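Structure data follow from run.txt (compact mmCIF, C-alpha atoms):
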# COMPACT_ATOMS: atom_id res chain seq x y z
CA LYS A 6 -6.24 9.04 -40.14
CA ALA A 7 -9.27 7.69 -38.24
CA LYS A 8 -7.47 4.42 -37.44
CA ARG A 9 -4.47 6.26 -35.99
CA THR A 10 -6.78 8.49 -33.98
CA GLU A 11 -8.62 5.46 -32.59
CA THR A 12 -5.36 3.73 -31.65
CA ASN A 13 -4.06 6.86 -29.94
CA LEU A 14 -7.36 7.31 -28.16
CA HIS A 15 -7.13 3.81 -26.65
CA ILE A 16 -3.59 4.54 -25.47
CA GLN A 17 -4.64 7.84 -23.90
CA VAL A 18 -7.63 6.23 -22.15
CA GLU A 19 -5.36 3.53 -20.70
CA GLU A 20 -2.83 6.12 -19.48
CA SER A 21 -5.62 8.22 -17.99
CA GLN A 22 -6.97 5.20 -16.08
CA LYS A 23 -3.50 4.53 -14.63
CA THR A 24 -3.20 8.18 -13.60
CA LEU A 25 -6.66 8.07 -12.00
CA LEU A 26 -5.71 4.96 -9.98
CA HIS A 27 -2.53 6.66 -8.80
CA LEU A 28 -4.40 9.82 -7.80
CA GLN A 29 -7.01 7.75 -5.94
CA SER A 30 -4.24 6.01 -3.98
CA ILE A 31 -2.76 9.43 -3.09
CA LEU A 32 -6.20 10.62 -1.96
CA ASN A 33 -6.53 7.55 0.26
CA SER A 34 -3.09 8.32 1.74
CA LEU A 35 -4.26 11.86 2.50
CA THR A 36 -7.34 10.62 4.35
CA THR A 37 -5.25 8.34 6.59
CA ALA A 38 -2.29 10.70 7.17
CA GLU A 39 -1.60 11.33 10.85
CA ASN A 40 1.16 13.94 10.99
CA ALA A 41 3.26 16.42 9.01
CA GLU A 42 5.83 13.78 7.99
CA ASP A 43 3.09 11.70 6.36
CA LEU A 44 1.91 14.75 4.40
CA GLU A 45 5.50 15.53 3.36
CA ASP A 46 5.87 12.03 1.83
CA ILE A 47 2.63 12.54 -0.10
CA ARG A 48 3.74 15.98 -1.28
CA ARG A 49 7.09 14.57 -2.43
CA GLU A 50 5.32 11.83 -4.44
CA MET A 51 2.96 14.34 -6.05
CA GLY A 52 5.93 16.52 -7.01
CA GLU A 53 7.86 13.60 -8.48
CA PHE A 54 4.93 12.64 -10.71
CA GLY A 55 4.16 16.20 -11.83
CA TYR A 56 0.83 16.64 -10.05
CA MET A 57 2.15 19.72 -8.25
CA LYS A 58 5.30 21.79 -8.04
CA ARG A 59 8.30 19.70 -7.02
CA VAL A 60 9.47 20.30 -3.47
CA PRO A 61 13.13 21.43 -3.40
CA GLN A 62 15.38 18.90 -1.71
CA LYS A 63 16.87 19.98 1.59
CA LYS A 64 20.61 20.42 1.60
CA LYS A 65 20.97 18.47 4.82
CA LYS A 66 20.51 14.75 4.69
CA GLU A 67 17.09 13.65 5.87
CA ARG A 68 17.30 12.44 9.44
CA LYS A 69 15.72 9.11 10.34
CA GLU A 70 13.56 10.68 13.02
CA ASP A 71 12.13 13.14 10.44
CA ARG A 72 10.86 10.36 8.18
CA SER A 73 7.31 9.10 8.33
CA ARG A 74 7.00 5.63 9.86
CA PRO A 75 4.44 2.90 9.18
CA ARG A 76 1.83 1.93 11.76
CA ILE A 77 2.83 -1.10 13.79
CA PHE A 78 0.36 -3.32 15.64
CA ARG A 79 0.76 -6.54 17.62
CA SER A 80 -1.84 -9.21 16.93
CA SER A 81 -3.66 -11.05 19.71
CA ASP A 82 -1.35 -13.98 19.01
CA GLY A 83 1.83 -11.86 19.26
CA TYR A 84 2.67 -11.32 15.58
CA LEU A 85 3.82 -7.91 14.32
CA LEU A 86 1.57 -6.25 11.75
CA TYR A 87 2.92 -3.35 9.68
CA VAL A 88 0.54 -0.95 7.91
CA GLY A 89 1.78 1.52 5.28
CA LYS A 90 0.52 5.11 5.41
CA ASN A 91 1.33 6.05 1.80
CA ASN A 92 2.62 4.60 -1.46
CA TYR A 93 6.30 4.94 -0.51
CA GLN A 94 5.74 3.13 2.78
CA ASN A 95 3.67 0.45 1.07
CA GLU A 96 6.56 -0.25 -1.28
CA GLU A 97 9.14 -0.19 1.51
CA LEU A 98 7.11 -2.58 3.68
CA THR A 99 6.40 -4.98 0.84
CA PHE A 100 9.87 -5.14 -0.69
CA ARG A 101 12.29 -4.27 2.14
CA VAL A 102 10.66 -5.15 5.47
CA ALA A 103 8.78 -8.30 4.48
CA SER A 104 10.55 -11.54 3.70
CA GLY A 105 9.25 -14.23 1.35
CA ASN A 106 7.26 -16.20 3.94
CA ASP A 107 5.54 -13.19 5.52
CA TRP A 108 1.91 -12.52 4.60
CA TRP A 109 0.73 -9.54 2.53
CA PHE A 110 -2.83 -8.12 2.73
CA HIS A 111 -4.58 -5.48 0.60
CA ALA A 112 -8.14 -4.39 -0.20
CA LYS A 113 -9.24 -5.91 -3.51
CA GLY A 114 -9.59 -3.47 -6.40
CA ILE A 115 -9.48 -0.25 -4.35
CA PRO A 116 -6.68 1.99 -3.06
CA GLY A 117 -5.43 1.13 0.40
CA SER A 118 -2.54 0.30 2.68
CA HIS A 119 -0.38 -2.76 2.37
CA VAL A 120 -0.48 -4.80 5.58
CA ILE A 121 2.45 -7.11 6.32
CA VAL A 122 2.33 -9.85 8.96
CA LYS A 123 5.84 -10.86 10.03
CA CYS A 124 5.67 -14.58 10.72
CA GLY A 125 9.06 -16.00 9.76
CA GLN A 126 8.62 -19.75 9.32
CA ARG A 127 5.65 -20.05 11.71
CA GLU A 128 2.08 -20.91 10.71
CA LEU A 129 -0.38 -18.03 11.23
CA PRO A 130 -3.51 -18.65 13.32
CA ASP A 131 -6.89 -17.75 11.77
CA ARG A 132 -7.41 -14.91 14.27
CA THR A 133 -4.25 -13.15 13.01
CA PHE A 134 -5.46 -13.46 9.40
CA GLU A 135 -8.76 -11.84 10.44
CA GLU A 136 -7.05 -9.03 12.38
CA ALA A 137 -4.70 -8.22 9.48
CA ALA A 138 -7.62 -8.24 7.03
CA SER A 139 -9.58 -5.87 9.31
CA LEU A 140 -6.65 -3.44 9.34
CA ALA A 141 -6.31 -3.65 5.54
CA ALA A 142 -10.06 -2.93 5.24
CA TYR A 143 -9.92 0.04 7.62
CA TYR A 144 -6.92 1.68 5.96
CA SER A 145 -8.46 1.46 2.48
CA LYS A 146 -10.96 3.48 0.47
CA GLY A 147 -13.65 0.99 1.54
CA ARG A 148 -13.38 1.81 5.25
CA GLY A 149 -16.92 3.23 5.34
CA GLY A 150 -18.49 -0.01 4.15
CA GLU A 151 -19.88 -2.87 6.20
CA LYS A 152 -17.43 -5.42 4.74
CA VAL A 153 -14.45 -5.14 2.38
CA GLU A 154 -12.96 -7.90 0.26
CA ILE A 155 -9.30 -8.40 1.16
CA ASP A 156 -6.72 -10.27 -0.91
CA TYR A 157 -3.91 -12.02 0.92
CA ILE A 158 -0.89 -13.93 -0.27
CA GLN A 159 2.64 -14.73 0.84
CA ARG A 160 4.98 -11.85 0.07
CA ARG A 161 7.18 -13.90 -2.29
CA PHE A 162 4.32 -13.94 -4.84
CA VAL A 163 3.94 -10.12 -4.92
CA LYS A 164 5.83 -8.31 -7.71
CA LYS A 165 6.36 -4.62 -8.51
CA THR A 166 4.77 -3.34 -11.71
CA ASN A 167 7.25 -2.36 -14.42
CA GLY A 168 7.54 1.42 -14.53
CA GLY A 169 4.58 1.85 -12.19
CA PRO A 170 4.27 4.34 -9.37
CA PRO A 171 5.53 3.41 -5.90
CA GLY A 172 3.38 0.92 -4.03
CA PHE A 173 1.67 -0.52 -7.14
CA VAL A 174 2.07 -4.29 -7.36
CA ILE A 175 0.78 -7.36 -9.18
CA TYR A 176 0.09 -10.82 -7.79
CA HIS A 177 -1.56 -14.06 -8.82
CA THR A 178 -3.00 -17.14 -7.07
CA ASN A 179 -4.12 -15.18 -4.03
CA TRP A 180 -6.86 -15.92 -1.51
CA SER A 181 -9.63 -13.52 -0.54
CA MET A 182 -11.75 -12.94 2.54
CA MET A 183 -14.40 -10.49 3.63
CA ALA A 184 -13.40 -8.31 6.57
CA LYS A 185 -15.11 -5.72 8.73
CA PRO A 186 -12.99 -2.52 8.90
CA ALA A 187 -11.38 -2.05 12.34
CA ALA A 188 -8.92 0.69 13.35
CA GLY A 189 -6.87 -1.52 15.64
CA ILE A 190 -6.49 -4.90 17.27
CA PRO A 191 -9.15 -5.66 19.92
CA GLN A 192 -7.50 -6.44 23.26
If you took the structure in this file and wrote it as structure tokens, what would it be?
Amino acid sequence: KAKRTETNLHIQVEESQKTLLHLQSILNSLTTAENAEDLEDIRREMGEFGYMKRVPQKKKKERKEDRSRPRIFRSSDGYLLYVGKNNYQNEELTFRVASGNDWWFHAKGIPGSHVIVKCGQRELPDRTFEEAASLAAYYSKGRGGEKVEIDYIQRRFVKKTNGGPPGFVIYHTNWSMMAKPAAGIPQ
């Protein structure tokens, strides 16, 4: 009986840690939300995962202009940088907007936005890497710190977790850099 209890306890602790990570990512999305559409996406996610009462679906199809959109910046070197505002946008940017050669940035070990740099087949200059890392640092839980460690990798090496919540990914053989959080691209 004690062995079964110990085994079940380990399973429950692991599930609780996953739930805590998901809730921390939702909290981070709430702190960076900018408008009602952003909050509606967060509310929908919380309803789908049972953290609050599910929001009834509207009978009319959702119009494109009613959907929340990611932040879009242009780097000093002219590259487009996309920043997700919530877990659904992070997943959409990573797996629908980005192609295999684009670069993916995220704060290491803490909840935050996925930042995608659209580069096609071109080589990215160092300044663009630094600007994307600064955005990833700012739109993460570590935004109040002096420096945040940012992982970056080409999008083709980022995979969705099996059965995980939206926006949760795994990756290997990445690079890391320290970045100072910045809300935008200095002009």
For region 69-139 of chain A against region 49-55 of chain A, with a cut-off of 12 Å and counting only C-alpha atoms, what is the closest atom pair and its distance in Å to one decimal for every residue that makes the cut, ordered by chain and number, as JSON lines?
{"residue": "A:Asn91", "atom": "CA", "partner": "A:Glu50", "partner_atom": "CA", "distance": 9.4}
{"residue": "A:Asn92", "atom": "CA", "partner": "A:Glu50", "partner_atom": "CA", "distance": 8.3}
{"residue": "A:Tyr93", "atom": "CA", "partner": "A:Glu50", "partner_atom": "CA", "distance": 8.0}
{"residue": "A:Gln94", "atom": "CA", "partner": "A:Glu50", "partner_atom": "CA", "distance": 11.3}
* To do: Have a look at A:Ser80, A:Asn40, A:Asn95, A:Thr12 and name the one nearest to Tyr144 (chain A); count only C-alpha atoms.
  =>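 Distance minimum relative to Tyr144 (chain A) lands on A:Asn95.
Here the question is which of A:Ser73, A:Leu85, A:Val174, A:Ser145 gets nearest to Thr37 (chain A) using all atoms listed in the file, and that residue is A:Ser145.
For the atom pair formed by CA of Asn167 (chain A) and CA of Thr24 (chain A), the distance is 14.9 Å, given to one decimal.
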* For the atom pair CA of Ser34 (chain A) and CA of Gly105 (chain A), what is the interatomic distance in Å to one decimal place? -> 25.7 Å
* Protein/DNA/RNA residues near (8.8, -4.3, 6.3), cut 10 Å, only C-alpha atoms, as a PyMOL selection string -> chain A and resi 75+86-89+94-104+107+120-123
Please produce a file of the residues just selected, as a PDB file, in the coordinates of the input, where the atoms kept are C-alpha atoms.
ATOM      1  CA  PRO A  75       4.440   2.900   9.180  1.00  0.00           C
ATOM      2  CA  LEU A  86       1.570  -6.250  11.750  1.00  0.00           C
ATOM      3  CA  TYR A  87       2.920  -3.350   9.680  1.00  0.00           C
ATOM      4  CA  VAL A  88       0.540  -0.950   7.910  1.00  0.00           C
ATOM      5  CA  GLY A  89       1.780   1.520   5.280  1.00  0.00           C
ATOM      6  CA  GLN A  94       5.740   3.130   2.780  1.00  0.00           C
ATOM      7  CA  ASN A  95       3.670   0.450   1.070  1.00  0.00           C
ATOM      8  CA  GLU A  96       6.560  -0.250  -1.280  1.00  0.00           C
ATOM      9  CA  GLU A  97       9.140  -0.190   1.510  1.00  0.00           C
ATOM     10  CA  LEU A  98       7.110  -2.580   3.680  1.00  0.00           C
ATOM     11  CA  THR A  99       6.400  -4.980   0.840  1.00  0.00           C
ATOM     12  CA  PHE A 100       9.870  -5.140  -0.690  1.00  0.00           C
ATOM     13  CA  ARG A 101      12.290  -4.270   2.140  1.00  0.00           C
ATOM     14  CA  VAL A 102      10.660  -5.150   5.470  1.00  0.00           C
ATOM     15  CA  ALA A 103       8.780  -8.300   4.480  1.00  0.00           C
ATOM     16  CA  SER A 104      10.550 -11.540   3.700  1.00  0.00           C
ATOM     17  CA  ASP A 107       5.540 -13.190   5.520  1.00  0.00           C
ATOM     18  CA  VAL A 120      -0.480  -4.800   5.580  1.00  0.00           C
ATOM     19  CA  ILE A 121       2.450  -7.110   6.320  1.00  0.00           C
ATOM     20  CA  VAL A 122       2.330  -9.850   8.960  1.00  0.00           C
ATOM     21  CA  LYS A 123       5.840 -10.860  10.030  1.00  0.00           C
TER      22      LYS A 123
END
Could you name the residues that touch Ala138 (chain A) at 8 Å or less, counting all atoms listed in the file, but leaving out those on the same chain fewer than 6 positions away, as a CSV table (one decimal) with C-alpha atoms, in the frame of the given file?
chain,number,residue,atom,x,y,z
A,110,PHE,CA,-2.8,-8.1,2.7
A,111,HIS,CA,-4.6,-5.5,0.6
A,155,ILE,CA,-9.3,-8.4,1.2
A,182,MET,CA,-11.8,-12.9,2.5
A,183,MET,CA,-14.4,-10.5,3.6
A,184,ALA,CA,-13.4,-8.3,6.6
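Taking CA of Gly169 (chain A) as the reference point, CA of Arg9 (chain A) is found at 25.8 Å.
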* To do: Would you be able to write out as an MDAnalysis selection string which residues have an atom within 12 Å of (-11.1, 0.2, 1.9) in the file's coordinates, counting all atoms listed in the file?
  => chainID A and resid 29:30 33:34 36:37 110:119 138:156 183:188
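With distances restricted to only C-alpha atoms, A:Leu44 is the closest residue to Ile31 (chain A) from A:Leu44, A:Ala137, A:Val163, A:Ile175.
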* In terms of the shortest atom-to-atom distance over all atoms listed in the file, which of A:Tyr56, A:Trp108, A:Phe162, A:Tyr176 is closest to Phe134 (chain A)? ->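 The shortest atom-to-atom distance to Phe134 (chain A) comes from A:Trp108.
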Dump of region 167-190 of chain A from preceding block, N, CA and C atoms, as a compact mmCIF listing (two decimals), in the first residue's frame:
# COMPACT_ATOMS: atom_id res chain seq x y z
N ASN A 167 4.10 16.55 -26.64
CA ASN A 167 2.95 15.65 -26.83
C ASN A 167 1.93 15.88 -25.73
N GLY A 168 0.72 16.24 -26.13
CA GLY A 168 -0.37 16.43 -25.18
C GLY A 168 -0.22 17.63 -24.28
N GLY A 169 0.74 18.50 -24.55
CA GLY A 169 0.96 19.67 -23.71
C GLY A 169 0.02 20.80 -24.06
N PRO A 170 -0.03 21.80 -23.21
CA PRO A 170 -0.86 22.97 -23.48
C PRO A 170 -0.33 23.75 -24.69
N PRO A 171 -1.13 24.64 -25.24
CA PRO A 171 -0.66 25.42 -26.38
C PRO A 171 0.55 26.27 -26.02
N GLY A 172 1.49 26.37 -26.95
CA GLY A 172 2.66 27.20 -26.75
C GLY A 172 3.81 26.53 -26.03
N PHE A 173 3.62 25.32 -25.49
CA PHE A 173 4.70 24.61 -24.80
C PHE A 173 5.47 23.78 -25.82
N VAL A 174 6.78 23.95 -25.83
CA VAL A 174 7.63 23.30 -26.83
C VAL A 174 8.85 22.66 -26.17
N ILE A 175 9.56 21.85 -26.95
CA ILE A 175 10.85 21.31 -26.55
C ILE A 175 11.83 21.59 -27.67
N TYR A 176 13.11 21.69 -27.30
CA TYR A 176 14.16 21.91 -28.29
C TYR A 176 15.48 21.46 -27.70
N HIS A 177 16.41 21.16 -28.58
CA HIS A 177 17.74 20.71 -28.16
C HIS A 177 18.78 21.44 -29.00
N THR A 178 20.02 21.38 -28.59
CA THR A 178 21.16 21.99 -29.30
C THR A 178 20.94 23.47 -29.61
N ASN A 179 20.48 24.19 -28.62
CA ASN A 179 20.23 25.63 -28.80
C ASN A 179 21.43 26.43 -28.34
N TRP A 180 21.43 27.71 -28.65
CA TRP A 180 22.42 28.65 -28.15
C TRP A 180 21.73 29.54 -27.13
N SER A 181 22.51 30.18 -26.28
CA SER A 181 21.96 31.09 -25.28
C SER A 181 22.75 32.38 -25.28
N MET A 182 22.08 33.46 -24.88
CA MET A 182 22.74 34.75 -24.71
C MET A 182 22.04 35.50 -23.60
N MET A 183 22.75 36.43 -22.99
CA MET A 183 22.17 37.28 -21.96
C MET A 183 21.67 38.55 -22.66
N ALA A 184 20.46 38.98 -22.30
CA ALA A 184 19.89 40.16 -22.93
C ALA A 184 19.25 41.07 -21.90
N LYS A 185 19.37 42.37 -22.14
CA LYS A 185 18.72 43.36 -21.31
C LYS A 185 17.30 43.56 -21.84
N PRO A 186 16.27 43.44 -20.98
CA PRO A 186 14.89 43.61 -21.45
C PRO A 186 14.65 44.99 -22.06
N ALA A 187 14.06 45.03 -23.25
CA ALA A 187 13.73 46.29 -23.93
C ALA A 187 12.36 46.13 -24.58
N ALA A 188 11.49 47.13 -24.42
CA ALA A 188 10.12 47.07 -24.92
C ALA A 188 10.02 47.16 -26.43
N GLY A 189 10.99 47.70 -27.08
CA GLY A 189 10.92 47.86 -28.53
C GLY A 189 12.31 47.90 -29.14
N ILE A 190 12.34 48.25 -30.42
CA ILE A 190 13.59 48.33 -31.15
C ILE A 190 14.06 49.79 -31.11
